[in-house]
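Chemist: The file below is input-v7.pdb, PDB, C-alpha atoms:
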ATOM      1  CA  GLN A   1      22.868  -3.738 -43.240
ATOM      2  CA  LYS A   2      25.317  -0.970 -42.395
ATOM      3  CA  GLU A   3      24.010   2.000 -40.429
ATOM      4  CA  VAL A   4      25.378   4.408 -43.057
ATOM      5  CA  GLU A   5      25.833   3.684 -46.758
ATOM      6  CA  GLN A   6      28.001   5.760 -49.060
ATOM      7  CA  ASP A   7      28.986   5.101 -52.663
ATOM      8  CA  PRO A   8      32.792   4.821 -52.681
ATOM      9  CA  GLY A   9      33.142   6.096 -56.236
ATOM     10  CA  PRO A  10      35.618   6.982 -57.536
ATOM     11  CA  LEU A  11      34.023  10.115 -58.926
ATOM     12  CA  SER A  12      35.849  12.149 -61.553
ATOM     13  CA  VAL A  13      34.576  15.544 -62.759
ATOM     14  CA  PRO A  14      35.964  18.459 -64.800
ATOM     15  CA  GLU A  15      36.922  21.676 -63.053
ATOM     16  CA  GLY A  16      33.925  23.968 -62.558
ATOM     17  CA  ALA A  17      31.376  21.148 -62.401
ATOM     18  CA  ILE A  18      28.769  20.785 -59.680
ATOM     19  CA  VAL A  19      29.463  17.722 -57.554
ATOM     20  CA  SER A  20      26.804  15.797 -55.650
ATOM     21  CA  LEU A  21      27.838  13.402 -52.891
ATOM     22  CA  ASN A  22      25.290  11.327 -51.011
ATOM     23  CA  CYS A  23      24.737   9.044 -48.026
ATOM     24  CA  THR A  24      21.775   7.006 -46.893
ATOM     25  CA  TYR A  25      21.177   5.728 -43.390
ATOM     26  CA  SER A  26      18.896   3.327 -41.588
ATOM     27  CA  ASN A  27      18.589   4.746 -38.049
ATOM     28  CA  SER A  28      15.768   7.280 -37.899
ATOM     29  CA  ALA A  29      17.139   8.528 -34.553
ATOM     30  CA  PHE A  30      20.116  10.232 -36.215
ATOM     31  CA  GLN A  31      19.798  13.984 -35.677
ATOM     32  CA  TYR A  32      23.273  15.416 -36.296
ATOM     33  CA  PHE A  33      24.910  15.133 -39.696
ATOM     34  CA  MET A  34      28.449  15.941 -40.744
ATOM     35  CA  TRP A  35      30.568  16.009 -43.861
ATOM     36  CA  TYR A  36      34.332  15.664 -43.637
ATOM     37  CA  ARG A  37      37.005  16.081 -46.320
ATOM     38  CA  GLN A  38      40.070  13.875 -46.090
ATOM     39  CA  TYR A  39      43.202  14.399 -48.144
ATOM     40  CA  SER A  40      45.573  11.498 -48.674
ATOM     41  CA  ARG A  41      47.561  10.597 -45.536
ATOM     42  CA  LYS A  42      45.802  13.302 -43.481
ATOM     43  CA  GLY A  43      43.011  13.311 -40.915
ATOM     44  CA  PRO A  44      39.412  14.196 -41.817
ATOM     45  CA  GLU A  45      38.610  17.908 -41.766
ATOM     46  CA  LEU A  46      35.108  19.039 -40.802
ATOM     47  CA  LEU A  47      33.315  20.757 -43.702
ATOM     48  CA  MET A  48      29.662  20.940 -42.696
ATOM     49  CA  TYR A  49      27.670  20.240 -39.539
ATOM     50  CA  THR A  50      23.879  20.254 -39.582
ATOM     51  CA  TYR A  51      21.068  19.419 -37.216
ATOM     52  CA  SER A  52      17.891  17.651 -38.327
ATOM     53  CA  SER A  53      16.393  18.366 -41.756
ATOM     54  CA  GLY A  54      17.046  21.259 -44.100
ATOM     55  CA  ASN A  55      19.835  22.971 -45.984
ATOM     56  CA  LYS A  56      23.019  24.674 -44.886
ATOM     57  CA  GLU A  57      25.283  26.665 -47.146
ATOM     58  CA  ASP A  58      28.925  27.654 -46.623
ATOM     59  CA  GLY A  59      30.674  29.200 -49.588
ATOM     60  CA  ARG A  60      30.737  26.691 -52.435
ATOM     61  CA  PHE A  61      29.388  23.904 -50.206
ATOM     62  CA  THR A  62      25.738  23.086 -49.479
ATOM     63  CA  ALA A  63      24.612  20.304 -47.161
ATOM     64  CA  GLN A  64      21.103  18.910 -47.413
ATOM     65  CA  VAL A  65      19.325  16.568 -45.014
ATOM     66  CA  ASP A  66      16.083  14.769 -45.874
ATOM     67  CA  LYS A  67      15.129  12.839 -42.759
ATOM     68  CA  SER A  68      11.933  11.490 -44.311
ATOM     69  CA  SER A  69      14.031   9.677 -46.931
ATOM     70  CA  LYS A  70      17.003   9.085 -44.594
ATOM     71  CA  TYR A  71      19.222  10.731 -47.184
ATOM     72  CA  ILE A  72      21.891  13.409 -46.919
ATOM     73  CA  SER A  73      23.796  15.218 -49.654
ATOM     74  CA  LEU A  74      26.769  17.498 -50.075
ATOM     75  CA  PHE A  75      26.895  19.744 -53.135
ATOM     76  CA  ILE A  76      30.106  21.402 -54.271
ATOM     77  CA  ARG A  77      29.688  24.254 -56.741
ATOM     78  CA  ASP A  78      32.420  25.432 -59.118
ATOM     79  CA  SER A  79      34.589  22.464 -58.174
ATOM     80  CA  GLN A  80      38.353  23.020 -58.041
ATOM     81  CA  PRO A  81      41.310  20.622 -58.328
ATOM     82  CA  SER A  82      41.963  21.348 -54.633
ATOM     83  CA  ASP A  83      38.608  19.690 -53.874
ATOM     84  CA  SER A  84      40.124  16.353 -54.921
ATOM     85  CA  ALA A  85      39.887  14.247 -51.771
ATOM     86  CA  THR A  86      37.790  11.610 -50.051
ATOM     87  CA  TYR A  87      34.529  12.872 -48.557
ATOM     88  CA  LEU A  88      33.096  11.162 -45.500
ATOM     89  CA  CYS A  89      29.602  11.544 -44.126
ATOM     90  CA  ALA A  90      28.970  11.011 -40.418
ATOM     91  CA  MET A  91      25.990  11.144 -38.116
ATOM     92  CA  ARG A  92      24.856  10.559 -34.558
ATOM     93  CA  THR A  93      21.746  10.533 -32.430
ATOM     94  CA  ASN A  94      20.659  13.315 -30.098
ATOM     95  CA  THR A  95      21.986  11.620 -26.982
ATOM     96  CA  GLY A  96      24.532   9.122 -28.274
ATOM     97  CA  ASN A  97      28.269   9.454 -27.825
ATOM     98  CA  GLN A  98      29.200   7.459 -30.906
ATOM     99  CA  PHE A  99      29.441   8.707 -34.463
ATOM    100  CA  TYR A 100      28.635   6.564 -37.485
ATOM    101  CA  PHE A 101      30.621   7.067 -40.668
ATOM    102  CA  GLY A 102      30.149   6.242 -44.298
ATOM    103  CA  THR A 103      33.036   4.551 -46.092
ATOM    104  CA  GLY A 104      33.871   7.718 -48.025
ATOM    105  CA  THR A 105      33.614   8.818 -51.664
ATOM    106  CA  SER A 106      36.822   9.495 -53.576
ATOM    107  CA  LEU A 107      36.545  12.639 -55.741
ATOM    108  CA  THR A 108      38.971  13.832 -58.426
ATOM    109  CA  VAL A 109      38.490  17.239 -60.060
ATOM    110  CA  ILE A 110      40.338  17.381 -63.378
ATOM    111  CA  PRO A 111      41.841  20.752 -64.412
TER     112      PRO A 111
ATOM    113  CA  ASP B   1      47.549  26.877 -32.241
ATOM    114  CA  GLY B   2      44.780  24.670 -30.824
ATOM    115  CA  GLY B   3      44.494  21.216 -32.217
ATOM    116  CA  ILE B   4      44.962  17.497 -31.934
ATOM    117  CA  THR B   5      48.469  16.111 -32.260
ATOM    118  CA  GLN B   6      49.122  12.489 -33.098
ATOM    119  CA  SER B   7      52.579  10.990 -33.003
ATOM    120  CA  PRO B   8      54.446   9.421 -34.571
ATOM    121  CA  LYS B   9      53.203   9.816 -38.158
ATOM    122  CA  TYR B  10      54.618   6.421 -39.099
ATOM    123  CA  LEU B  11      55.231   3.448 -36.832
ATOM    124  CA  PHE B  12      56.527  -0.045 -37.442
ATOM    125  CA  ARG B  13      55.765  -3.003 -35.229
ATOM    126  CA  LYS B  14      57.688  -6.236 -34.925
ATOM    127  CA  GLU B  15      55.993  -9.547 -34.212
ATOM    128  CA  GLY B  16      55.075  -9.919 -30.546
ATOM    129  CA  GLN B  17      55.659  -6.273 -29.783
ATOM    130  CA  ASN B  18      53.301  -3.781 -28.163
ATOM    131  CA  VAL B  19      53.362  -0.245 -29.541
ATOM    132  CA  THR B  20      51.780   2.937 -28.221
ATOM    133  CA  LEU B  21      50.285   5.708 -30.331
ATOM    134  CA  SER B  22      50.116   9.162 -28.802
ATOM    135  CA  CYS B  23      47.177  11.576 -29.005
ATOM    136  CA  GLU B  24      47.285  14.992 -27.315
ATOM    137  CA  GLN B  25      44.737  17.807 -27.594
ATOM    138  CA  ASN B  26      44.809  21.391 -26.319
ATOM    139  CA  LEU B  27      41.205  22.194 -27.219
ATOM    140  CA  ASN B  28      39.885  21.512 -23.690
ATOM    141  CA  HIS B  29      37.634  18.828 -25.166
ATOM    142  CA  ASP B  30      36.040  16.315 -22.828
ATOM    143  CA  ALA B  31      35.628  13.332 -25.090
ATOM    144  CA  MET B  32      38.335  11.573 -27.067
ATOM    145  CA  TYR B  33      38.094   8.743 -29.579
ATOM    146  CA  TRP B  34      40.304   6.271 -31.420
ATOM    147  CA  TYR B  35      39.393   4.992 -34.879
ATOM    148  CA  ARG B  36      40.989   2.576 -37.263
ATOM    149  CA  GLN B  37      40.721   3.311 -40.991
ATOM    150  CA  ASP B  38      41.211   0.571 -43.579
ATOM    151  CA  PRO B  39      40.687   0.976 -47.334
ATOM    152  CA  GLY B  40      37.038   0.488 -48.270
ATOM    153  CA  GLN B  41      35.897   0.078 -44.653
ATOM    154  CA  GLY B  42      35.558   3.596 -43.391
ATOM    155  CA  LEU B  43      36.255   4.514 -39.779
ATOM    156  CA  ARG B  44      35.776   1.866 -37.119
ATOM    157  CA  LEU B  45      35.634   2.845 -33.455
ATOM    158  CA  ILE B  46      38.214   1.222 -31.184
ATOM    159  CA  TYR B  47      37.734   3.038 -27.849
ATOM    160  CA  TYR B  48      36.303   6.280 -26.606
ATOM    161  CA  SER B  49      36.462   8.255 -23.370
ATOM    162  CA  GLN B  50      33.995  10.829 -22.108
ATOM    163  CA  ILE B  51      35.928  11.852 -18.984
ATOM    164  CA  VAL B  52      39.261  11.288 -17.300
ATOM    165  CA  ASN B  53      39.791   7.779 -15.888
ATOM    166  CA  ASP B  54      36.835   6.369 -17.808
ATOM    167  CA  PHE B  55      36.624   4.792 -21.264
ATOM    168  CA  GLN B  56      34.389   2.429 -23.227
ATOM    169  CA  LYS B  57      35.061  -0.212 -25.849
ATOM    170  CA  GLY B  58      34.036   0.471 -29.389
ATOM    171  CA  ASP B  59      33.263  -2.021 -32.136
ATOM    172  CA  ILE B  60      36.779  -3.419 -32.548
ATOM    173  CA  ALA B  61      38.482  -3.121 -29.133
ATOM    174  CA  GLU B  62      40.063  -6.585 -29.104
ATOM    175  CA  GLY B  63      43.854  -6.370 -29.165
ATOM    176  CA  TYR B  64      43.912  -2.704 -28.129
ATOM    177  CA  SER B  65      44.111  -0.881 -24.805
ATOM    178  CA  VAL B  66      43.825   2.769 -23.761
ATOM    179  CA  SER B  67      44.225   5.014 -20.733
ATOM    180  CA  ARG B  68      42.867   8.460 -19.885
ATOM    181  CA  GLU B  69      44.888   9.804 -16.985
ATOM    182  CA  LYS B  70      44.773  13.410 -18.190
ATOM    183  CA  LYS B  71      42.083  15.320 -20.037
ATOM    184  CA  GLU B  72      44.545  16.265 -22.776
ATOM    185  CA  SER B  73      45.900  12.794 -23.497
ATOM    186  CA  PHE B  74      44.430   9.507 -24.754
ATOM    187  CA  PRO B  75      47.186   7.055 -25.776
ATOM    188  CA  LEU B  76      46.354   3.850 -27.641
ATOM    189  CA  THR B  77      48.400   0.665 -27.209
ATOM    190  CA  VAL B  78      48.288  -1.883 -30.003
ATOM    191  CA  THR B  79      49.125  -5.163 -28.307
ATOM    192  CA  SER B  80      50.624  -8.320 -29.757
ATOM    193  CA  ALA B  81      47.124  -9.835 -29.531
ATOM    194  CA  GLN B  82      46.054  -7.631 -32.463
ATOM    195  CA  LYS B  83      46.961  -9.917 -35.363
ATOM    196  CA  ASN B  84      46.243  -7.495 -38.169
ATOM    197  CA  PRO B  85      47.390  -4.084 -36.910
ATOM    198  CA  THR B  86      48.389  -2.556 -40.241
ATOM    199  CA  ALA B  87      46.086   0.451 -40.672
ATOM    200  CA  PHE B  88      45.756   4.216 -40.409
ATOM    201  CA  TYR B  89      44.831   5.212 -36.832
ATOM    202  CA  LEU B  90      42.909   8.395 -36.176
ATOM    203  CA  CYS B  91      42.320  10.182 -32.887
ATOM    204  CA  ALA B  92      39.398  12.590 -32.480
ATOM    205  CA  SER B  93      37.999  14.799 -29.745
ATOM    206  CA  ARG B  94      34.913  16.905 -29.063
ATOM    207  CA  LEU B  95      33.131  19.029 -26.487
ATOM    208  CA  THR B  96      30.266  17.222 -24.828
ATOM    209  CA  GLY B  97      27.533  18.270 -22.419
ATOM    210  CA  GLY B  98      25.017  20.632 -23.946
ATOM    211  CA  TYR B  99      27.263  21.703 -26.779
ATOM    212  CA  ASN B 100      26.434  18.906 -29.245
ATOM    213  CA  GLN B 101      29.682  19.519 -31.049
ATOM    214  CA  PRO B 102      31.108  17.385 -33.853
ATOM    215  CA  GLN B 103      34.407  15.528 -33.684
ATOM    216  CA  HIS B 104      37.687  17.022 -34.806
ATOM    217  CA  PHE B 105      40.520  14.800 -35.928
ATOM    218  CA  GLY B 106      44.275  14.612 -35.744
ATOM    219  CA  ASP B 107      46.384  13.772 -38.788
ATOM    220  CA  GLY B 108      46.736  10.112 -37.978
ATOM    221  CA  THR B 109      49.429   7.494 -37.405
ATOM    222  CA  ARG B 110      50.145   4.878 -40.029
ATOM    223  CA  LEU B 111      51.127   1.581 -38.412
ATOM    224  CA  SER B 112      52.815  -1.165 -40.396
ATOM    225  CA  ILE B 113      54.222  -4.605 -39.606
ATOM    226  CA  LEU B 114      57.948  -5.203 -40.022
TER     227      LEU B 114
END
Show how you would write the structure in this file as structure tokens.
Modeler:
Amino acid sequence: QKEVEQDPGPLSVPEGAIVSLNCTYSNSAFQYFMWYRQYSRKGPELLMYTYSSGNKEDGRFTAQVDKSSKYISLFIRDSQPSDSATYLCAMRTNTGNQFYFGTGTSLTVIP
Amino acid sequence: DGGITQSPKYLFRKEGQNVTLSCEQNLNHDAMYWYRQDPGQGLRLIYYSQIVNDFQKGDIAEGYSVSREKKESFPLTVTSAQKNPTAFYLCASRLTGGYNQPQHFGDGTRLSIL
């Protein structure tokens, strides 16, 4: 079983829709959770960084962490064509130096 | 501007050849990482370094080598022992210690076989 599972999609939504992206994980020691956006032929760009459980909001983006279910989500409100990209979740433990990534979900927002 | 610079953007390797990918950062980050990205497989860790002159193998280190002679630089050599080197290579860095900071990435090098 992989440490982090992420549905690869592809996911296609109309402009203005609310998008929900999700990851599950198996290691209950994970404490730090990240979401990255990656455009084609570019490096991942950090979108959200959260610690432990709870919600964090930044503009149109909301990250949720449910440690009891080992489940994290990224919500994108009022989605735009410029949001079309691959979204990667990542996580690590409190003391570890390694990060564990999902395989990424490909999102297309149709104008 | 502060950031992580990877070069070249595209690289071609001939059979039996070693090639070196460059990664330079001016963020004063302590730790640096190399990942390989293949379609459908996500990011796989090759090597990482927490401090100068020290580095650790990741999950797929075979056929690769690194050095960390300067804090700013973490070059990756893809040796001829790596039989399937075609991939997108990503370098990342972060502050360590008590900062608990996430990784930041460069824009990658795409390596192909000639």
Chemist: What box, with edges along x, y and z, holds each listed atom of range 6-16 of chain A when 5 Å is added on every side, and can you state its centre and edge lengths in Å to one decimal, as JSON?
Modeler:
{"center_x": 32.5, "center_y": 14.4, "center_z": -56.9, "size_x": 18.9, "size_y": 29.1, "size_z": 25.7}
Chemist: Which chain A residues are at most 6 Å from chain B (counting all atoms listed in the file), as a PDB file with C-alpha atoms, in the coordinates of the input?
Modeler:
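So the final result, stored in out-v7.pdb, reads:
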ATOM      1  CA  LYS A  42      45.802  13.302 -43.481  1.00  0.00           C
ATOM      2  CA  GLY A  43      43.011  13.311 -40.915  1.00  0.00           C
ATOM      3  CA  THR A 103      33.036   4.551 -46.092  1.00  0.00           C
TER       4      THR A 103
END
Chemist: If the PyMOL selection byres ((chain B and resi 74) around 9) were run on this exact file, what residues would it hold? Put them as a ChimeraX atom specification.
Modeler: /B:21-25,32-34,48-49,66-73,75-76,91
Chemist: Pull C-alpha atoms from the residues just selected and write them as a tab-separated table (two decimals), in the coordinates of the input.
Modeler:
chain	number	residue	atom	x	y	z
B	21	LEU	CA	50.28	5.71	-30.33
B	22	SER	CA	50.12	9.16	-28.80
B	23	CYS	CA	47.18	11.58	-29.00
B	24	GLU	CA	47.28	14.99	-27.32
B	25	GLN	CA	44.74	17.81	-27.59
B	32	MET	CA	38.34	11.57	-27.07
B	33	TYR	CA	38.09	8.74	-29.58
B	34	TRP	CA	40.30	6.27	-31.42
B	48	TYR	CA	36.30	6.28	-26.61
B	49	SER	CA	36.46	8.26	-23.37
B	66	VAL	CA	43.82	2.77	-23.76
B	67	SER	CA	44.22	5.01	-20.73
B	68	ARG	CA	42.87	8.46	-19.89
B	69	GLU	CA	44.89	9.80	-16.98
B	70	LYS	CA	44.77	13.41	-18.19
B	71	LYS	CA	42.08	15.32	-20.04
B	72	GLU	CA	44.54	16.26	-22.78
B	73	SER	CA	45.90	12.79	-23.50
B	75	PRO	CA	47.19	7.06	-25.78
B	76	LEU	CA	46.35	3.85	-27.64
B	91	CYS	CA	42.32	10.18	-32.89
Chemist: Do a neighbour search on Lys2 in chain A at 12 Å with only C-alpha atoms, toss out local chain neighbours closer than 5 positions, and write the hits as a VMD selection string.
Modeler: (chain A and resid 23 to 27 100 to 103) or (chain B and resid 41 to 42)
Chemist: Determine the residue membership of the PyMOL selection byres ((chain A and resi 17) around 10) for the file above and supply it as a list in words.
Modeler: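 Written out, the selection comes to Val13, Pro14, Glu15, Gly16, Ile18, Val19, Ser20, Ile76, Arg77, Asp78, Ser79, Gln80, Val109 and Ile110 of chain A.
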Chemist: At what distance in Å, to one decimal, does CA of Arg36 in chain B lie from CA of Leu11 in chain A?
Modeler: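 According to the coordinates, CA of Leu11 in chain A and CA of Arg36 in chain B are separated by 24.0 Å.
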Chemist: I'd like the interatomic distance between CA of Ser84 in chain A and CA of Ser53 in chain A, to a tenth of an Å.
Modeler: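 Distance reported for this atom pair: 27.2 Å.
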Chemist: Would you compute the distance between CA of Leu47 in chain A and CA of Asp59 in chain B? Give it in Å to one decimal.
Modeler: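 Separating CA of Leu47 in chain A from CA of Asp59 in chain B is a distance of 25.5 Å.
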Chemist: Written as a PyMOL selection string, what is the full residue list that the PyMOL selection byres ((chain B and resi 17) around 9) yields on the file shown?
Modeler: chain B and resi 13-16+18-19+78-80
Chemist: What does the file look like for those residues with C-alpha atoms, as a compact mmCIF listing (two decimals), in the frame of the given file?
Modeler:
# COMPACT_ATOMS: atom_id res chain seq x y z
CA ARG B 13 55.76 -3.00 -35.23
CA LYS B 14 57.69 -6.24 -34.92
CA GLU B 15 55.99 -9.55 -34.21
CA GLY B 16 55.08 -9.92 -30.55
CA ASN B 18 53.30 -3.78 -28.16
CA VAL B 19 53.36 -0.24 -29.54
CA VAL B 78 48.29 -1.88 -30.00
CA THR B 79 49.12 -5.16 -28.31
CA SER B 80 50.62 -8.32 -29.76
Chemist: Can you tell me, as JSON, numbers by chain, what residues are no more than 12 Å from Tyr71 in chain A when counting only C-alpha atoms, ignoring any on the same chain fewer than 4 positions away?
Modeler: {"A": [4, 5, 6, 21, 22, 23, 24, 25, 26, 27, 28, 30, 31, 33, 52, 53, 54, 63, 64, 65, 66, 67, 89, 90, 91]}
Chemist: Near Thr86 in chain B, counting all atoms listed in the file, which residues have an atom at most 7 Å away, once you skip same-chain residues fewer than 2 positions from it, shown as an mmCIF file with C-alpha atoms, in the frame of the given file?
Modeler:
data_model
loop_
_atom_site.group_PDB
_atom_site.id
_atom_site.type_symbol
_atom_site.label_atom_id
_atom_site.label_comp_id
_atom_site.auth_asym_id
_atom_site.auth_seq_id
_atom_site.Cartn_x
_atom_site.Cartn_y
_atom_site.Cartn_z
ATOM 1 C CA ASN B 84 46.243 -7.495 -38.169
ATOM 2 C CA LEU B 111 51.127 1.581 -38.412
ATOM 3 C CA SER B 112 52.815 -1.165 -40.396
ATOM 4 C CA ILE B 113 54.222 -4.605 -39.606
#
Chemist: Around (38.4, 14.5, -55.4), as given in the file, which residues come within 6 Å? Count all atoms listed in the file and list them as a PyMOL selection string.
Modeler: chain A and resi 83-85+106-109
Chemist: Please extract range 66-103 of chain B and write it out with C-alpha atoms, as a JSON list (two decimals), in the first residue's frame.
Modeler:
[["chain", "number", "residue", "atom", "x", "y", "z"],
["B", 66, "VAL", "CA", 25.25, 13.72, -5.91],
["B", 67, "SER", "CA", 27.60, 16.12, -4.16],
["B", 68, "ARG", "CA", 27.02, 19.00, -1.75],
["B", 69, "GLU", "CA", 30.19, 21.05, -1.62],
["B", 70, "LYS", "CA", 28.38, 24.38, -1.23],
["B", 71, "LYS", "CA", 25.16, 25.25, 0.54],
["B", 72, "GLU", "CA", 23.75, 26.79, -2.64],
["B", 73, "SER", "CA", 24.45, 23.89, -4.99],
["B", 74, "PHE", "CA", 23.34, 20.25, -5.23],
["B", 75, "PRO", "CA", 24.22, 18.75, -8.63],
["B", 76, "LEU", "CA", 22.86, 15.36, -9.68],
["B", 77, "THR", "CA", 24.82, 13.01, -11.95],
["B", 78, "VAL", "CA", 22.87, 10.42, -13.90],
["B", 79, "THR", "CA", 25.37, 7.66, -14.56],
["B", 80, "SER", "CA", 25.44, 5.07, -17.32],
["B", 81, "ALA", "CA", 24.31, 2.54, -14.69],
["B", 82, "GLN", "CA", 20.85, 4.15, -14.73],
["B", 83, "LYS", "CA", 19.22, 2.13, -17.51],
["B", 84, "ASN", "CA", 15.99, 4.06, -17.72],
["B", 85, "PRO", "CA", 16.93, 7.72, -17.19],
["B", 86, "THR", "CA", 14.21, 9.32, -19.31],
["B", 87, "ALA", "CA", 12.17, 11.42, -16.87],
["B", 88, "PHE", "CA", 11.50, 14.90, -15.52],
["B", 89, "TYR", "CA", 13.96, 15.72, -12.71],
["B", 90, "LEU", "CA", 13.00, 18.16, -9.99],
["B", 91, "CYS", "CA", 15.20, 19.83, -7.40],
["B", 92, "ALA", "CA", 13.72, 21.21, -4.18],
["B", 93, "SER", "CA", 14.99, 23.00, -1.10],
["B", 94, "ARG", "CA", 13.72, 24.05, 2.33],
["B", 95, "LEU", "CA", 14.70, 25.63, 5.63],
["B", 96, "THR", "CA", 15.16, 23.09, 8.38],
["B", 97, "GLY", "CA", 15.76, 23.34, 12.12],
["B", 98, "GLY", "CA", 12.80, 24.71, 14.02],
["B", 99, "TYR", "CA", 11.19, 26.29, 11.00],
["B", 100, "ASN", "CA", 9.23, 23.26, 9.75],
["B", 101, "GLN", "CA", 9.06, 24.78, 6.31],
["B", 102, "PRO", "CA", 7.73, 23.07, 3.18],
["B", 103, "GLN", "CA", 9.78, 22.36, 0.08]]
